[in-house]
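Reading through the structure tokens given below for one structure.
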Amino acid sequence: MKIRKSLLAVGASVILLGSSAVFSEPGSETDPLVTLSYVNKSIEQIKSYIDEKLSIQKNSENELEVVNLAKGQYLIAKAGTEIILRSGKAVAVVSELGGLTDVTAGVDLAKDENVPTNHLLIIPRNDGRGLYCLTETYIMVRGEYEIK
């Protein structure tokens, strides 16, 4: 009989404790409210985490660089380099394996062919392809290159 009463008392206390958690008042010690400063701090931490992850992907190779070339200079680019002639006149420097890929026009530029302004050119291989400047030029470049 004593065991039954003890079990009944333990069961009742468990039910009472459980109901107090369920029916607790918002903002009480058992169900605290979140403060605005906590939310703002959490948002700042999330922003800094995202910025940190995004900054890993940023590098100078992913940015277009403006290059000023004088008359008679060559810009020889590596495979995958993107070139856009912004002003001036230049001709294509090609290799035995082909010319420069003009993505804008959908053609291959042949040896000494004029490079159109504002067309996206892609260098397909590391075999000495690029541009020869007939006048002073401004070129936007993304990727590896050398000026001769």
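Simple scheme: letters A, B, ... for chains in structure tokens order, numbers from 1 for residues in each chain, numbers from 1 for ligands in the order shown.
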
Residues of range 91-121 of chain A at most 12 Å from range 73-81 of chain A: nearest atom pair and distance in Å, only C-alpha atoms, as a Markdown table:
```
| residue | atom | partner | partner_atom | distance |
| --- | --- | --- | --- | --- |
| A:Val91 | CA | A:Tyr74 | CA | 9.7 |
| A:Ala92 | CA | A:Tyr74 | CA | 9.9 |
| A:Val93 | CA | A:Ile76 | CA | 8.1 |
| A:Val94 | CA | A:Ile76 | CA | 9.8 |
| A:Ser95 | CA | A:Ile76 | CA | 11.2 |
| A:Leu100 | CA | A:Ala77 | CA | 10.5 |
| A:Thr101 | CA | A:Gly80 | CA | 10.4 |
| A:Leu120 | CA | A:Thr81 | CA | 10.3 |
| A:Leu121 | CA | A:Thr81 | CA | 8.2 |
```

What does the file look like for those residues with N, CA and C atoms, as a PDB file, in the first residue's frame?
```
ATOM      1  N   VAL A  91      44.879  44.113 -83.537  1.00  0.00           N
ATOM      2  CA  VAL A  91      44.658  42.962 -84.407  1.00  0.00           C
ATOM      3  C   VAL A  91      44.944  41.687 -83.624  1.00  0.00           C
ATOM      4  N   ALA A  92      44.395  40.597 -84.135  1.00  0.00           N
ATOM      5  CA  ALA A  92      44.532  39.304 -83.472  1.00  0.00           C
ATOM      6  C   ALA A  92      45.912  38.710 -83.703  1.00  0.00           C
ATOM      7  N   VAL A  93      46.480  38.177 -82.630  1.00  0.00           N
ATOM      8  CA  VAL A  93      47.715  37.399 -82.700  1.00  0.00           C
ATOM      9  C   VAL A  93      47.296  35.956 -82.456  1.00  0.00           C
ATOM     10  N   VAL A  94      47.544  35.085 -83.444  1.00  0.00           N
ATOM     11  CA  VAL A  94      47.048  33.716 -83.377  1.00  0.00           C
ATOM     12  C   VAL A  94      48.204  32.727 -83.373  1.00  0.00           C
ATOM     13  N   SER A  95      47.872  31.444 -83.337  1.00  0.00           N
ATOM     14  CA  SER A  95      48.881  30.389 -83.394  1.00  0.00           C
ATOM     15  C   SER A  95      48.542  29.448 -84.543  1.00  0.00           C
ATOM     16  N   LEU A 100      41.533  33.636 -82.216  1.00  0.00           N
ATOM     17  CA  LEU A 100      40.909  34.055 -80.975  1.00  0.00           C
ATOM     18  C   LEU A 100      39.405  33.819 -81.079  1.00  0.00           C
ATOM     19  N   THR A 101      38.818  33.303 -80.038  1.00  0.00           N
ATOM     20  CA  THR A 101      37.383  33.047 -80.024  1.00  0.00           C
ATOM     21  C   THR A 101      36.652  34.339 -79.695  1.00  0.00           C
ATOM     22  N   LEU A 120      33.620  40.190 -76.503  1.00  0.00           N
ATOM     23  CA  LEU A 120      34.295  39.312 -75.554  1.00  0.00           C
ATOM     24  C   LEU A 120      35.110  38.278 -76.317  1.00  0.00           C
ATOM     25  N   LEU A 121      36.414  38.277 -76.078  1.00  0.00           N
ATOM     26  CA  LEU A 121      37.322  37.308 -76.696  1.00  0.00           C
ATOM     27  C   LEU A 121      37.819  36.358 -75.625  1.00  0.00           C
TER      28      LEU A 121
END
```

Just list the residues in range 70-117 of chain A DSSP gives strand (DSSP E) on the backbone, as a compact mmCIF listing (two decimals) with N, CA and C atoms, in the first residue's frame.
```txt
# COMPACT_ATOMS: atom_id res chain seq x y z
N TYR A 74 52.26 44.17 -77.41
CA TYR A 74 51.49 42.92 -77.50
C TYR A 74 50.91 42.59 -76.13
N LEU A 75 49.72 42.02 -76.14
CA LEU A 75 49.16 41.42 -74.94
C LEU A 75 49.00 39.94 -75.27
N ILE A 76 49.82 39.11 -74.66
CA ILE A 76 49.78 37.66 -74.88
C ILE A 76 49.15 37.03 -73.64
N ALA A 77 48.08 36.25 -73.87
CA ALA A 77 47.29 35.74 -72.76
C ALA A 77 47.38 34.22 -72.64
N GLU A 82 39.98 36.12 -70.61
CA GLU A 82 38.94 36.86 -71.32
C GLU A 82 39.46 38.27 -71.60
N ILE A 83 39.21 38.76 -72.82
CA ILE A 83 39.69 40.07 -73.24
C ILE A 83 38.53 40.84 -73.87
N ILE A 84 38.43 42.12 -73.54
CA ILE A 84 37.48 43.02 -74.18
C ILE A 84 38.23 44.28 -74.57
N LEU A 85 38.28 44.59 -75.88
CA LEU A 85 38.90 45.82 -76.36
C LEU A 85 37.90 46.95 -76.16
N ARG A 86 38.26 47.93 -75.35
CA ARG A 86 37.34 49.03 -75.04
C ARG A 86 37.56 50.22 -75.96
N SER A 87 38.81 50.54 -76.29
CA SER A 87 39.07 51.66 -77.20
C SER A 87 40.40 51.43 -77.88
N ALA A 90 43.34 47.21 -82.51
CA ALA A 90 44.25 46.08 -82.28
C ALA A 90 43.89 44.97 -83.27
N VAL A 91 44.88 44.11 -83.54
CA VAL A 91 44.66 42.96 -84.41
C VAL A 91 44.94 41.69 -83.62
N ALA A 92 44.39 40.60 -84.13
CA ALA A 92 44.53 39.30 -83.47
C ALA A 92 45.91 38.71 -83.70
N VAL A 93 46.48 38.18 -82.63
CA VAL A 93 47.72 37.40 -82.70
C VAL A 93 47.30 35.96 -82.46
N LEU A 100 41.53 33.64 -82.22
CA LEU A 100 40.91 34.06 -80.97
C LEU A 100 39.40 33.82 -81.08
N THR A 101 38.82 33.30 -80.04
CA THR A 101 37.38 33.05 -80.02
C THR A 101 36.65 34.34 -79.70
N ASP A 102 35.89 34.85 -80.67
CA ASP A 102 35.05 36.03 -80.47
C ASP A 102 33.67 35.53 -80.06
N VAL A 107 32.48 33.91 -83.82
CA VAL A 107 33.44 33.59 -84.88
C VAL A 107 34.83 33.42 -84.28
N ASP A 108 35.74 32.95 -85.13
CA ASP A 108 37.14 32.81 -84.76
C ASP A 108 37.91 33.90 -85.50
N LEU A 109 38.64 34.76 -84.77
CA LEU A 109 39.40 35.82 -85.41
C LEU A 109 40.71 35.25 -85.94
```

- Shortest interatomic distance to Gly99 in chain A - which of A:Arg129, A:Lys148, A:Lys71, A:His119, counting only C-alpha atoms: A:Arg129

- If we count only C-alpha atoms, what is near Lys89 in chain A at a cut-off of 10 Å, once residues fewer than 3 positions away on the same chain are taken out, given as a ChimeraX atom specification? /A:71,85-86,114-117,131-138

Dump as an mmCIF file, in the first residue's frame, selection limited to N, CA and C atoms:
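Now in out.cif:
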```cif
data_model
loop_
_atom_site.group_PDB
_atom_site.id
_atom_site.type_symbol
_atom_site.label_atom_id
_atom_site.label_comp_id
_atom_site.auth_asym_id
_atom_site.auth_seq_id
_atom_site.Cartn_x
_atom_site.Cartn_y
_atom_site.Cartn_z
ATOM 1 N N LYS A 71 50.901 51.959 -78.547
ATOM 2 C CA LYS A 71 51.018 51.484 -79.922
ATOM 3 C C LYS A 71 52.253 50.576 -80.034
ATOM 4 N N LEU A 85 38.283 44.586 -75.876
ATOM 5 C CA LEU A 85 38.901 45.822 -76.362
ATOM 6 C C LEU A 85 37.900 46.946 -76.160
ATOM 7 N N ARG A 86 38.256 47.929 -75.349
ATOM 8 C CA ARG A 86 37.340 49.032 -75.042
ATOM 9 C C ARG A 86 37.558 50.224 -75.964
ATOM 10 N N ASN A 114 41.180 42.581 -87.569
ATOM 11 C CA ASN A 114 40.850 43.629 -86.606
ATOM 12 C C ASN A 114 39.981 43.073 -85.481
ATOM 13 N N VAL A 115 40.309 43.477 -84.273
ATOM 14 C CA VAL A 115 39.532 43.068 -83.101
ATOM 15 C C VAL A 115 38.428 44.100 -82.899
ATOM 16 N N PRO A 116 37.162 43.670 -82.937
ATOM 17 C CA PRO A 116 36.069 44.631 -82.734
ATOM 18 C C PRO A 116 36.011 45.108 -81.283
ATOM 19 N N THR A 117 35.635 46.374 -81.111
ATOM 20 C CA THR A 117 35.514 46.904 -79.747
ATOM 21 C C THR A 117 34.286 46.299 -79.069
ATOM 22 N N LEU A 131 46.753 39.969 -78.544
ATOM 23 C CA LEU A 131 46.474 41.153 -79.353
ATOM 24 C C LEU A 131 47.762 41.913 -79.652
ATOM 25 N N TYR A 132 47.795 42.576 -80.815
ATOM 26 C CA TYR A 132 48.852 43.522 -81.153
ATOM 27 C C TYR A 132 48.174 44.869 -81.334
ATOM 28 N N CYS A 133 48.654 45.879 -80.620
ATOM 29 C CA CYS A 133 48.000 47.194 -80.618
ATOM 30 C C CYS A 133 48.528 48.075 -81.752
ATOM 31 N N LEU A 134 47.618 48.555 -82.612
ATOM 32 C CA LEU A 134 47.957 49.459 -83.703
ATOM 33 C C LEU A 134 47.941 50.913 -83.241
ATOM 34 N N THR A 135 47.199 51.187 -82.158
ATOM 35 C CA THR A 135 47.128 52.512 -81.537
ATOM 36 C C THR A 135 47.155 52.311 -80.026
ATOM 37 N N GLU A 136 47.124 53.411 -79.303
ATOM 38 C CA GLU A 136 46.976 53.284 -77.855
ATOM 39 C C GLU A 136 45.606 52.658 -77.588
ATOM 40 N N THR A 137 45.565 51.664 -76.701
ATOM 41 C CA THR A 137 44.324 50.949 -76.449
ATOM 42 C C THR A 137 44.057 50.815 -74.957
ATOM 43 N N TYR A 138 42.783 50.646 -74.665
ATOM 44 C CA TYR A 138 42.354 50.271 -73.324
ATOM 45 C C TYR A 138 41.641 48.937 -73.456
#
```

- So how far away is CA of Val67 in chain A from CA of Gly106 in chain A, in Å? 24.3 Å

- Item | Selected residue, from A:Asn68, A:Thr104, A:Asn118, A:Asn126, that lies nearest to Ile147 in chain A when counting only C-alpha atoms | A:Asn68

- Query: Quick one: distance from CA of Asp127 in chain A to CA of Tyr145 in chain A in Å, one decimal?
  - Reply: 11.8 Å

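Taking CA of Gly143 in chain A and CA of Gly98 in chain A as endpoints, the distance between them is 19.6 Å.
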